[in-house]
Structure formats: structure tokens, C-alpha cells
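What's in work16.pdb: PDB, C-alpha atoms and all ligand atoms
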ATOM      1  CA  MET A   7     154.532 217.428 195.838
ATOM      2  CA  TYR A   8     153.673 213.833 196.582
ATOM      3  CA  LYS A   9     154.187 211.572 199.531
ATOM      4  CA  VAL A  10     154.355 207.842 200.203
ATOM      5  CA  GLU A  11     153.548 207.110 203.836
ATOM      6  CA  ARG A  12     156.310 205.556 205.980
ATOM      7  CA  LYS A  13     154.000 202.776 207.101
ATOM      8  CA  THR A  14     153.213 201.887 203.463
ATOM      9  CA  ILE A  15     156.929 201.400 202.814
ATOM     10  CA  ILE A  16     157.421 199.321 205.957
ATOM     11  CA  GLU A  17     154.439 197.084 205.147
ATOM     12  CA  SER A  18     155.486 196.724 201.493
ATOM     13  CA  VAL A  19     159.075 195.737 202.307
ATOM     14  CA  LYS A  20     157.939 193.302 204.981
ATOM     15  CA  GLY A  21     155.340 191.716 202.675
ATOM     16  CA  MET A  22     157.749 191.451 199.733
ATOM     17  CA  LEU A  23     160.393 189.736 201.845
ATOM     18  CA  LEU A  24     158.011 187.276 203.478
ATOM     19  CA  GLU A  25     156.677 186.304 200.061
ATOM     20  CA  SER A  26     159.933 186.283 198.123
ATOM     21  CA  VAL A  27     161.812 183.942 200.491
ATOM     22  CA  LYS A  28     159.402 181.124 199.625
ATOM     23  CA  THR A  29     158.450 181.843 196.008
ATOM     24  CA  LEU A  30     160.283 182.119 192.715
ATOM     25  CA  ASP A  31     159.063 184.178 189.748
ATOM     26  CA  LYS A  32     157.163 182.201 187.138
ATOM     27  CA  GLU A  33     159.809 182.945 184.504
ATOM     28  CA  VAL A  34     162.504 181.450 186.766
ATOM     29  CA  LEU A  35     160.399 178.340 187.370
ATOM     30  CA  ASP A  36     159.749 178.050 183.625
ATOM     31  CA  ALA A  37     163.502 178.268 183.021
ATOM     32  CA  PHE A  38     164.134 175.437 185.507
ATOM     33  CA  GLU A  39     161.379 173.334 183.884
ATOM     34  CA  ASN A  40     162.954 173.975 180.514
ATOM     35  CA  ALA A  41     166.430 173.110 181.809
ATOM     36  CA  ARG A  42     165.082 169.864 183.255
ATOM     37  CA  GLU A  43     163.486 168.932 179.923
ATOM     38  CA  ASN A  44     166.724 169.520 178.034
ATOM     39  CA  GLU A  45     169.162 168.114 180.610
ATOM     40  CA  ARG A  46     171.082 165.066 179.295
ATOM     41  CA  ASN A  47     172.878 164.166 182.530
ATOM     42  CA  PRO A  48     170.592 161.936 184.703
ATOM     43  CA  LEU A  49     172.040 163.159 188.018
ATOM     44  CA  ALA A  50     171.645 166.784 186.921
ATOM     45  CA  LYS A  51     168.051 166.059 185.851
ATOM     46  CA  ASN A  52     167.382 164.590 189.281
ATOM     47  CA  ILE A  53     168.806 167.696 191.008
ATOM     48  CA  LEU A  54     166.587 169.938 188.861
ATOM     49  CA  ASP A  55     163.599 167.798 189.937
ATOM     50  CA  LYS A  56     164.598 168.372 193.573
ATOM     51  CA  ILE A  57     164.899 172.141 193.051
ATOM     52  CA  LEU A  58     161.362 172.222 191.605
ATOM     53  CA  GLU A  59     160.042 169.919 194.334
ATOM     54  CA  ASN A  60     161.700 172.125 196.965
ATOM     55  CA  HIS A  61     159.805 175.102 195.531
ATOM     56  CA  GLU A  62     156.491 173.240 195.776
ATOM     57  CA  ILE A  63     157.173 172.253 199.393
ATOM     58  CA  ALA A  64     158.209 175.806 200.361
ATOM     59  CA  ASN A  65     154.989 177.147 198.849
ATOM     60  CA  SER A  66     152.635 174.562 200.284
ATOM     61  CA  LYS A  67     154.163 174.585 203.800
ATOM     62  CA  ASP A  68     154.837 178.336 203.857
ATOM     63  CA  ILE A  69     158.553 177.939 204.625
ATOM     64  CA  PRO A  70     161.658 179.485 203.015
ATOM     65  CA  LEU A  71     163.200 177.947 199.899
ATOM     66  CA  CYS A  72     166.586 177.902 201.614
ATOM     67  CA  GLN A  73     167.888 178.143 205.172
ATOM     68  CA  ASP A  74     170.033 181.099 204.057
ATOM     69  CA  THR A  75     167.489 183.898 203.799
ATOM     70  CA  GLY A  76     170.225 186.268 202.752
ATOM     71  CA  ILE A  77     171.407 189.812 203.105
ATOM     72  CA  VAL A  78     168.688 192.158 201.862
ATOM     73  CA  VAL A  79     169.655 194.138 198.768
ATOM     74  CA  CYS A  80     167.367 196.997 197.855
ATOM     75  CA  PHE A  81     167.369 199.213 194.762
ATOM     76  CA  LEU A  82     165.193 202.296 195.096
ATOM     77  CA  GLU A  83     163.959 204.336 192.150
ATOM     78  CA  ILE A  84     162.741 207.552 193.730
ATOM     79  CA  GLY A  85     160.412 209.913 191.874
ATOM     80  CA  ARG A  86     161.759 213.476 191.957
ATOM     81  CA  GLU A  87     158.319 214.842 192.863
ATOM     82  CA  LEU A  88     158.205 212.829 196.079
ATOM     83  CA  TYR A  89     158.679 214.487 199.436
ATOM     84  CA  PHE A  90     159.940 212.578 202.493
ATOM     85  CA  ASP A  91     159.565 213.929 206.033
ATOM     86  CA  TYR A  92     161.146 210.746 207.423
ATOM     87  CA  ASP A  93     164.277 208.685 206.841
ATOM     88  CA  LEU A  94     163.554 206.455 203.844
ATOM     89  CA  ASP A  95     166.405 204.023 204.565
ATOM     90  CA  GLU A  96     165.260 203.698 208.166
ATOM     91  CA  ALA A  97     161.744 202.794 206.961
ATOM     92  CA  ILE A  98     163.187 200.111 204.654
ATOM     93  CA  ASN A  99     165.173 198.682 207.555
ATOM     94  CA  VAL A 100     162.124 198.610 209.831
ATOM     95  CA  GLY A 101     160.351 196.540 207.151
ATOM     96  CA  VAL A 102     163.356 194.192 206.953
ATOM     97  CA  SER A 103     163.502 193.837 210.732
ATOM     98  CA  GLN A 104     159.790 193.068 211.042
ATOM     99  CA  ALA A 105     159.910 190.492 208.237
ATOM    100  CA  TYR A 106     162.877 188.605 209.678
ATOM    101  CA  ILE A 107     161.653 188.657 213.275
ATOM    102  CA  GLU A 108     157.951 187.975 212.672
ATOM    103  CA  GLY A 109     158.640 185.504 209.845
ATOM    104  CA  TYR A 110     161.236 183.552 211.889
ATOM    105  CA  LEU A 111     163.695 183.947 209.014
ATOM    106  CA  ARG A 112     167.375 183.328 209.635
ATOM    107  CA  LYS A 113     169.213 186.441 210.773
ATOM    108  CA  SER A 114     172.509 186.464 208.896
ATOM    109  CA  ILE A 115     173.969 189.931 209.428
ATOM    110  CA  VAL A 116     176.852 190.716 211.794
ATOM    111  CA  ARG A 117     177.399 194.259 213.051
ATOM    112  CA  HIS A 118     181.095 194.355 212.152
ATOM    113  CA  PRO A 119     182.845 191.969 209.719
ATOM    114  CA  LEU A 120     185.489 191.251 212.370
ATOM    115  CA  ASN A 121     183.591 191.147 215.646
ATOM    116  CA  ARG A 122     180.855 188.949 214.107
ATOM    117  CA  ILE A 123     178.110 189.954 216.558
ATOM    118  CA  ASN A 124     174.694 189.285 215.016
ATOM    119  CA  THR A 125     172.365 192.301 214.669
ATOM    120  CA  MET A 126     169.499 189.857 215.409
ATOM    121  CA  ASP A 127     167.025 191.295 212.884
ATOM    122  CA  ASN A 128     168.939 190.984 209.587
ATOM    123  CA  THR A 129     169.446 194.738 209.306
ATOM    124  CA  PRO A 130     170.912 196.791 207.847
ATOM    125  CA  ALA A 131     169.912 196.180 204.247
ATOM    126  CA  VAL A 132     172.246 197.276 201.444
ATOM    127  CA  ILE A 133     170.310 200.111 199.816
ATOM    128  CA  HIS A 134     171.017 201.798 196.465
ATOM    129  CA  HIS A 135     169.272 205.017 195.389
ATOM    130  CA  GLU A 136     168.422 206.413 191.976
ATOM    131  CA  PHE A 137     166.155 209.296 191.009
ATOM    132  CA  ILE A 138     163.534 209.038 188.302
ATOM    133  CA  PRO A 139     160.960 211.488 186.936
ATOM    134  CA  GLY A 140     157.491 211.604 188.507
ATOM    135  CA  ASN A 141     155.786 210.672 191.756
ATOM    136  CA  LYS A 142     156.461 206.934 192.018
ATOM    137  CA  LEU A 143     158.679 205.022 194.397
ATOM    138  CA  ILE A 144     159.814 201.711 192.901
ATOM    139  CA  ILE A 145     161.329 199.260 195.371
ATOM    140  CA  HIS A 146     163.303 196.264 194.080
ATOM    141  CA  ILE A 147     164.257 193.897 196.826
ATOM    142  CA  ALA A 148     166.289 190.683 196.897
ATOM    143  CA  PRO A 149     167.374 188.482 199.791
ATOM    144  CA  LYS A 150     170.836 187.500 198.507
ATOM    145  CA  GLY A 151     172.424 184.277 199.741
ATOM    146  CA  GLY A 152     175.976 184.209 201.069
ATOM    147  CA  GLY A 153     177.129 181.215 198.990
ATOM    148  CA  SER A 154     176.607 182.830 195.601
ATOM    149  CA  GLU A 155     177.744 186.246 196.809
ATOM    150  CA  ASN A 156     181.027 184.757 198.073
ATOM    151  CA  MET A 157     181.838 183.349 194.627
ATOM    152  CA  SER A 158     181.249 186.683 192.879
ATOM    153  CA  THR A 159     184.312 188.481 191.532
ATOM    154  CA  LEU A 160     185.650 191.765 190.191
ATOM    155  CA  LYS A 161     188.773 192.408 188.175
ATOM    156  CA  MET A 162     190.309 195.463 186.576
ATOM    157  CA  LEU A 163     191.335 193.987 183.225
ATOM    158  CA  SER A 164     193.756 195.674 180.869
ATOM    159  CA  PRO A 165     191.895 197.054 177.808
ATOM    160  CA  SER A 166     194.231 194.920 175.645
ATOM    161  CA  GLU A 167     192.611 191.764 177.096
ATOM    162  CA  GLY A 168     189.469 192.782 175.227
ATOM    163  CA  ARG A 169     186.249 190.867 174.737
ATOM    164  CA  GLU A 170     187.807 187.404 174.871
ATOM    165  CA  GLY A 171     189.718 188.247 178.063
ATOM    166  CA  LEU A 172     186.473 189.402 179.612
ATOM    167  CA  ILE A 173     184.652 186.205 178.575
ATOM    168  CA  GLN A 174     187.493 184.072 179.986
ATOM    169  CA  PHE A 175     187.271 185.913 183.306
ATOM    170  CA  VAL A 176     183.523 185.194 183.531
ATOM    171  CA  LEU A 177     184.050 181.515 182.613
ATOM    172  CA  ASP A 178     186.902 181.159 185.146
ATOM    173  CA  THR A 179     184.711 182.664 187.872
ATOM    174  CA  ILE A 180     182.001 180.080 187.245
ATOM    175  CA  THR A 181     184.416 177.155 186.913
ATOM    176  CA  LYS A 182     186.214 178.059 190.142
ATOM    177  CA  GLY A 183     182.906 178.536 191.955
ATOM    178  CA  GLY A 184     181.793 175.007 191.020
ATOM    179  CA  GLY A 185     178.903 173.931 193.261
ATOM    180  CA  ARG A 186     179.479 176.570 195.941
ATOM    181  CA  PRO A 187     177.211 179.281 194.468
ATOM    182  CA  CYS A 188     174.436 176.621 194.109
ATOM    183  CA  PRO A 189     173.913 176.515 190.327
ATOM    184  CA  PRO A 190     171.957 176.716 188.031
ATOM    185  CA  LEU A 191     172.840 180.379 188.192
ATOM    186  CA  ILE A 192     171.714 183.712 186.914
ATOM    187  CA  VAL A 193     174.945 185.481 185.996
ATOM    188  CA  GLY A 194     175.099 189.257 186.273
ATOM    189  CA  VAL A 195     178.021 190.887 184.462
ATOM    190  CA  GLY A 196     178.997 194.519 184.900
ATOM    191  CA  ILE A 197     181.414 196.032 182.401
ATOM    192  CA  GLY A 198     182.994 199.464 182.613
ATOM    193  CA  GLY A 199     182.551 202.428 184.899
ATOM    194  CA  ASN A 200     185.167 202.177 187.626
ATOM    195  CA  PHE A 201     185.756 199.796 190.541
ATOM    196  CA  GLU A 202     182.519 200.407 192.469
ATOM    197  CA  LYS A 203     180.284 201.253 189.514
ATOM    198  CA  CYS A 204     181.176 197.956 187.868
ATOM    199  CA  ALA A 205     180.072 195.921 190.919
ATOM    200  CA  TRP A 206     176.848 197.926 191.066
ATOM    201  CA  LEU A 207     176.165 197.199 187.384
ATOM    202  CA  ALA A 208     176.623 193.461 187.930
ATOM    203  CA  LYS A 209     174.346 193.439 190.968
ATOM    204  CA  LYS A 210     171.670 195.364 189.120
ATOM    205  CA  ALA A 211     171.973 192.953 186.199
ATOM    206  CA  ILE A 212     170.829 189.933 188.241
ATOM    207  CA  LEU A 213     167.624 191.768 189.125
ATOM    208  CA  ARG A 214     166.637 192.183 185.465
ATOM    209  CA  PRO A 215     163.790 189.879 184.397
ATOM    210  CA  LEU A 216     165.082 186.786 182.576
ATOM    211  CA  GLY A 217     163.092 187.766 179.494
ATOM    212  CA  ASP A 218     164.489 191.299 179.455
ATOM    213  CA  VAL A 219     166.432 192.057 176.270
ATOM    214  CA  THR A 220     169.024 194.822 176.542
ATOM    215  CA  GLU A 221     168.877 197.543 173.888
ATOM    216  CA  ASN A 222     172.673 197.585 173.659
ATOM    217  CA  PRO A 223     173.669 195.250 170.778
ATOM    218  CA  VAL A 224     177.226 194.720 172.110
ATOM    219  CA  ASP A 225     175.888 193.607 175.494
ATOM    220  CA  ARG A 226     173.188 191.475 173.880
ATOM    221  CA  GLU A 227     175.706 189.546 171.765
ATOM    222  CA  LEU A 228     177.809 189.009 174.852
ATOM    223  CA  GLU A 229     174.816 187.708 176.834
ATOM    224  CA  ILE A 230     174.033 185.163 174.113
ATOM    225  CA  GLU A 231     177.641 183.987 173.739
ATOM    226  CA  LEU A 232     178.253 183.796 177.500
ATOM    227  CA  MET A 233     175.068 181.777 178.047
ATOM    228  CA  GLU A 234     176.177 179.267 175.431
ATOM    229  CA  ARG A 235     179.768 178.977 176.677
ATOM    230  CA  ILE A 236     178.834 178.833 180.382
ATOM    231  CA  ASN A 237     176.452 175.951 179.712
ATOM    232  CA  LYS A 238     179.259 174.051 177.969
ATOM    233  CA  LEU A 239     181.464 174.177 181.107
ATOM    234  CA  ASP A 240     179.812 171.022 182.543
ATOM    235  CA  VAL A 241     179.594 172.598 186.003
ATOM    236  CA  GLY A 242     175.900 171.692 186.044
ATOM    237  CA  PRO A 243     173.278 171.813 188.807
ATOM    238  CA  MET A 244     174.977 172.033 192.224
ATOM    239  CA  GLY A 245     178.349 171.636 190.463
ATOM    240  CA  LEU A 246     177.937 167.895 189.841
ATOM    241  CA  GLY A 247     178.079 168.134 186.048
ATOM    242  CA  GLY A 248     175.431 168.635 183.412
ATOM    243  CA  ASP A 249     174.105 171.016 180.792
ATOM    244  CA  ALA A 250     172.300 173.467 183.099
ATOM    245  CA  THR A 251     174.966 175.657 184.682
ATOM    246  CA  CYS A 252     173.032 178.877 184.153
ATOM    247  CA  ILE A 253     169.486 179.860 183.219
ATOM    248  CA  GLY A 254     170.293 183.443 182.334
ATOM    249  CA  VAL A 255     173.108 185.911 181.694
ATOM    250  CA  LYS A 256     172.538 189.644 182.015
ATOM    251  CA  VAL A 257     175.150 192.208 180.995
ATOM    252  CA  ASN A 258     175.074 195.891 181.996
ATOM    253  CA  SER A 259     177.731 198.272 180.704
ATOM    254  CA  PHE A 260     178.869 201.865 181.282
ATOM    255  CA  PRO A 261     181.557 204.131 179.765
ATOM    256  CA  CYS A 262     184.998 203.781 181.350
ATOM    257  CA  HIS A 263     188.534 205.280 181.446
ATOM    258  CA  ILE A 264     190.820 204.666 178.449
ATOM    259  CA  ALA A 265     193.254 202.774 180.705
ATOM    260  CA  SER A 266     190.636 200.469 182.251
ATOM    261  CA  LEU A 267     188.416 197.518 181.487
ATOM    262  CA  PRO A 268     186.612 196.769 184.754
ATOM    263  CA  VAL A 269     184.507 193.591 184.873
ATOM    264  CA  ALA A 270     182.403 192.295 187.751
ATOM    265  CA  VAL A 271     180.542 189.000 187.937
ATOM    266  CA  ASN A 272     177.717 188.719 190.434
ATOM    267  CA  LEU A 273     176.275 185.234 190.778
ATOM    268  CA  GLN A 274     172.678 184.506 191.696
ATOM    269  CA  CYS A 275     172.038 180.989 192.997
ATOM    270  CA  HIS A 276     169.015 178.863 192.093
ATOM    271  CA  SER A 277     167.125 180.435 195.028
ATOM    272  CA  ALA A 278     166.664 183.484 192.811
ATOM    273  CA  ARG A 279     164.416 185.396 195.183
ATOM    274  CA  LYS A 280     163.368 188.910 194.331
ATOM    275  CA  SER A 281     160.377 191.185 194.371
ATOM    276  CA  GLU A 282     159.353 194.601 193.116
ATOM    277  CA  VAL A 283     156.627 197.078 193.994
ATOM    278  CA  THR A 284     155.595 200.466 192.629
ATOM    279  CA  LEU A 285     154.114 202.854 195.188
ATOM    280  CA  ILE A 286     152.339 205.950 193.870
ATOM    281  CA  GLY A 287     152.739 209.109 195.958
ATOM    282  CA  LYS A 288     149.604 210.903 197.137
ATOM    283  CA  GLU A 289     149.401 214.633 196.459
ATOM    284  CA  ILE A 290     150.057 216.859 199.457
ATOM    285  CA  ASN A 291     149.707 220.602 200.006
ATOM    286  CA  HIS A 292     153.164 221.927 200.753
ATOM    287  CA  THR A 293     153.261 225.459 202.140
ATOM    288  CA  ASN A 294     156.340 227.413 203.189
ATOM    289  CA  ASN A 295     155.362 229.215 206.377
TER     290      ASN A 295
HETATM  291  S1  LIG B 301     173.784 180.121 197.644
HETATM  292 FE1  LIG B 301     171.564 180.290 197.496
HETATM  293  S2  LIG B 301     170.737 178.185 197.426
HETATM  294 FE2  LIG B 301     172.882 178.119 198.127
HETATM  295  S3  LIG B 301     172.743 178.098 200.366
HETATM  296 FE3  LIG B 301     173.005 180.249 199.740
HETATM  297  S4  LIG B 301     170.928 181.074 199.455
HETATM  298 FE4  LIG B 301     170.761 178.836 199.567
END
I need this file expressed as C-alpha cells, please.
Ligand code: SF4
Amino acid sequence: MYKVERKTIIESVKGMLLESVKTLDKEVLDAFENARENERNPLAKNILDKILENHEIANSKDIPLCQDTGIVVCFLEIGRELYFDYDLDEAINVGVSQAYIEGYLRKSIVRHPLNRINTMDNTPAVIHHEFIPGNKLIIHIAPKGGGSENMSTLKMLSPSEGREGLIQFVLDTITKGGGRPCPPLIVGVGIGGNFEKCAWLAKKAILRPLGDVTENPVDRELEIELMERINKLDVGPMGLGGDATCIGVKVNSFPCHIASLPVAVNLQCHSARKSEVTLIGKEINHTNN
């Protein structure tokens, strides 16, 4: 049996959040640089300059990229050989709380959707769990902004609407969203499963690295076609027109019922903050006495 200490998890989550709110991955920055180079609309080019300049300022002054420091989404991959003598979700939430309080990050979570009373430490995080072989704990974490989340959609299509119906639904979602999800976007598309599985697939899709190529040829073709068609919509950076509406499209699929064609679109704004850590469990002697 193996164990990852509670304090290691708390420190890791706190550190990842404090870093990720002010820094974008290199591949995301490269994609923005590339979009700026290829942008034909002068206003859109100027906005892309501002997005890159904003990143430089956030880094050099140690401040968040955006005032909305998000709801914390966490995907856990939990090694089956790990043993926990504490509440793993509670440890994640302690890390979130410490990061948001000590880092003076905006607290955006209300205890009940209707009473709107702030929890004052940005907890609870939304935590998803999966089991994997071995003794590692992989934590993927993303502070997800409200603007892009609000423009995300899910629809139970009829199977007869097929591939083109699905593409149209994705394009309509992005057109209707306009500037509100703060494009250029990373577009996560979930196809199949059922109602909740489909949303989960879309959320997980936006956490895939931009350079990640899916092994599923049907999904890959869809990613390529969607990327091309989304960038022809002329939504552009911040919805003011231009070539760069999205810098990446990621599709995740799952088997589904013969009567269903679920599709979910989760939008990631240009503050595409995320982080990942792999913690290796230390061997422990476990005796049954
Ligand atoms: S959608 Fe993203 S960039 Fe826009 S305000 Fe929210 S977190 Fe900031």
C-alpha cells in the first residue's frame, strides 16, 4: 500500500492555483502568438496584443490574469494502490481555501444558488474522481471563469440529426455566445454517453493539452473540421470580429443509447488557466490488527 500525505495534497493544490491564475501554458501562449501573426483584422490583432501584454503584466507583477479567478474544477486520477486515512476531497478544499484567502484571489462561490451567500474562501471545488493502476495521484486543476461557463451548452440531439446537426449545434453555441465567453476559445465537445456523462466529457476535453491528438479517427476529423468552421464564423477575439475565434477544439466521445445523440459544448475563455501534478505515494506497512 502507498500513501500521499494530506499536507502534500494541500500544498500542491494551493501552489498550483496560485501559479495558474497568473500564468498560461507555453502552448497556449504560442497559439495566441500564432493567431496574432495570422490575424487579418486590425482590431482583432490589437486585442490579441493586449491578451499577450496582459499575460506579461500578470507575470511580472504577480497578479491574476483576470479578476474572475473562477470556480475550481479538479479531476483526480487515483492510483488503486493508494491508501487514504483522511478525506481526499476535504484536503483538496483546504488547498483551495488557503490559495484564495492567502493569495487575495476573488472568492466567487455562493453556498446556495438561490440564497447567494458567499462561502468566502472559494470552496467547494467541483471534484471528479477516476481510478487508475498504480501508486500515483494525478491532480488536474483549473480555475474556470463564469463568463465562458455560462455560455456552455448541452443538447440531446436526435440521432437523425447526425454529424452535421452536431456541428451546427457547436457553431450556434459559439455564435450566440459572441464576446461573452471571452474568445479566442478552447472548445471542448463531449459526444455520447448520457446527459451527465456528456457534460463531463466536454469538461475533460478542455483540459487536454492543445497538442494532444486523439486516437479516435472520427473525433479527430471532427476536431479539424470544427476548428476550421469555427474560425470562419467571424466572432473573433472578444467577439469583435476576426479570424481567431478559437485556438483549439477537443472532442471526447463515449458510446450512447440507440435513441440518443447527446452533445455538450464547454467553452474555455482566453484565460485558459490549468495545472497538473503527479504525486507518487510512499510505501507504508499496513497491518490488520
Ligand atoms: S470568461 Fe474568462 S477572461 Fe472572461 S471574465 Fe471570465 S475568467 Fe475572465
Given 9 Å and only C-alpha atoms and all ligand atoms, residues near ligand LIG 301 (chain B) as a count of residues only: 27
Result set, the PyMOL selection byres (((chain A and resi 30-42) around 6) and not hetatm) on current file, as JSON, numbers by chain: {"A": [29, 43, 44, 45, 51, 54, 279]}
Keeping only C-alpha atoms, write those residues as a compact mmCIF listing (two decimals), in the coordinates of the input.
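This is the output file again_27.txt:
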# COMPACT_ATOMS: atom_id res chain seq x y z
CA THR A 29 158.45 181.84 196.01
CA GLU A 43 163.49 168.93 179.92
CA ASN A 44 166.72 169.52 178.03
CA GLU A 45 169.16 168.11 180.61
CA LYS A 51 168.05 166.06 185.85
CA LEU A 54 166.59 169.94 188.86
CA ARG A 279 164.42 185.40 195.18
Give the answer as one residue: which of A:Ile123, A:Asp93, A:Ala208, A:Ile145 has the shortest atom-to-atom distance to Ser281 (chain A), using only C-alpha atoms? A:Ile145
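What separates CA of His263 (chain A) from CA of Asn200 (chain A) is a distance of 7.7 Å.
Picked by the PyMOL selection byres (((chain A and resi 106-112) around 7) and not hetatm) from the coordinates shown: Leu24, Gln73, Asp74, Thr75, Val102, Ser103, Gln104, Ala105, Lys113, Ser114, Asp127 and Asn128 of chain A.
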So what does the PyMOL selection byres (((chain A and resi 219) around 12) and not hetatm) actually pick up in this one, as a PDB file with C-alpha atoms, in the coordinates of the input?
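The resulting file, expr-v4.pdb, is reproduced below:
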ATOM      1  CA  ALA A 211     171.973 192.953 186.199  1.00  0.00           C
ATOM      2  CA  ARG A 214     166.637 192.183 185.465  1.00  0.00           C
ATOM      3  CA  PRO A 215     163.790 189.879 184.397  1.00  0.00           C
ATOM      4  CA  LEU A 216     165.082 186.786 182.576  1.00  0.00           C
ATOM      5  CA  GLY A 217     163.092 187.766 179.494  1.00  0.00           C
ATOM      6  CA  ASP A 218     164.489 191.299 179.455  1.00  0.00           C
ATOM      7  CA  THR A 220     169.024 194.822 176.542  1.00  0.00           C
ATOM      8  CA  GLU A 221     168.877 197.543 173.888  1.00  0.00           C
ATOM      9  CA  ASN A 222     172.673 197.585 173.659  1.00  0.00           C
ATOM     10  CA  PRO A 223     173.669 195.250 170.778  1.00  0.00           C
ATOM     11  CA  VAL A 224     177.226 194.720 172.110  1.00  0.00           C
ATOM     12  CA  ASP A 225     175.888 193.607 175.494  1.00  0.00           C
ATOM     13  CA  ARG A 226     173.188 191.475 173.880  1.00  0.00           C
ATOM     14  CA  GLU A 227     175.706 189.546 171.765  1.00  0.00           C
ATOM     15  CA  LEU A 228     177.809 189.009 174.852  1.00  0.00           C
ATOM     16  CA  GLU A 229     174.816 187.708 176.834  1.00  0.00           C
ATOM     17  CA  ILE A 230     174.033 185.163 174.113  1.00  0.00           C
ATOM     18  CA  GLY A 254     170.293 183.443 182.334  1.00  0.00           C
ATOM     19  CA  VAL A 255     173.108 185.911 181.694  1.00  0.00           C
ATOM     20  CA  LYS A 256     172.538 189.644 182.015  1.00  0.00           C
ATOM     21  CA  VAL A 257     175.150 192.208 180.995  1.00  0.00           C
ATOM     22  CA  ASN A 258     175.074 195.891 181.996  1.00  0.00           C
TER      23      ASN A 258
END
Please write as JSON, numbers by chain the list of polymer residues whose atoms come within 10 Å of (189.2, 189.8, 191.5), counting all atoms listed in the file and keeping to the coordinates of the file. {"A": [158, 159, 160, 161, 162, 163, 175, 179, 269, 270, 271]}
Write a file of the selected residues as a PDB file, in the coordinates of the input, keeping C-alpha atoms.
ATOM      1  CA  SER A 158     181.249 186.683 192.879  1.00  0.00           C
ATOM      2  CA  THR A 159     184.312 188.481 191.532  1.00  0.00           C
ATOM      3  CA  LEU A 160     185.650 191.765 190.191  1.00  0.00           C
ATOM      4  CA  LYS A 161     188.773 192.408 188.175  1.00  0.00           C
ATOM      5  CA  MET A 162     190.309 195.463 186.576  1.00  0.00           C
ATOM      6  CA  LEU A 163     191.335 193.987 183.225  1.00  0.00           C
ATOM      7  CA  PHE A 175     187.271 185.913 183.306  1.00  0.00           C
ATOM      8  CA  THR A 179     184.711 182.664 187.872  1.00  0.00           C
ATOM      9  CA  VAL A 269     184.507 193.591 184.873  1.00  0.00           C
ATOM     10  CA  ALA A 270     182.403 192.295 187.751  1.00  0.00           C
ATOM     11  CA  VAL A 271     180.542 189.000 187.937  1.00  0.00           C
TER      12      VAL A 271
END
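Shortest separation to Ser259 (chain A) among A:Met7, A:Ala205, A:Leu177, A:Leu246 occurs at residue A:Ala205, atoms counted being only C-alpha atoms.
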Please return, as a list in words, all polymer residues that have at least one atom within 10 Å of the point (175.1, 170.9, 189.1); use all atoms listed in the file and the file's own coordinate frame. Asn47, Leu49, Ala50, Lys51, Asn52, Ile53, Leu54, Gly184, Gly185, Arg186, Cys188, Pro189, Pro190, Leu191, Asp240, Val241, Gly242, Pro243, Met244, Gly245, Leu246, Gly247, Gly248, Asp249, Ala250, Thr251 and Cys252 of chain A
For Asn99 (chain A): contacts at 10 Å, only C-alpha atoms, fewer than 4 positions along chain excluded, given as number ranges by chain: A: 15-16, 19-20, 78, 94-95, 103-105, 127-133
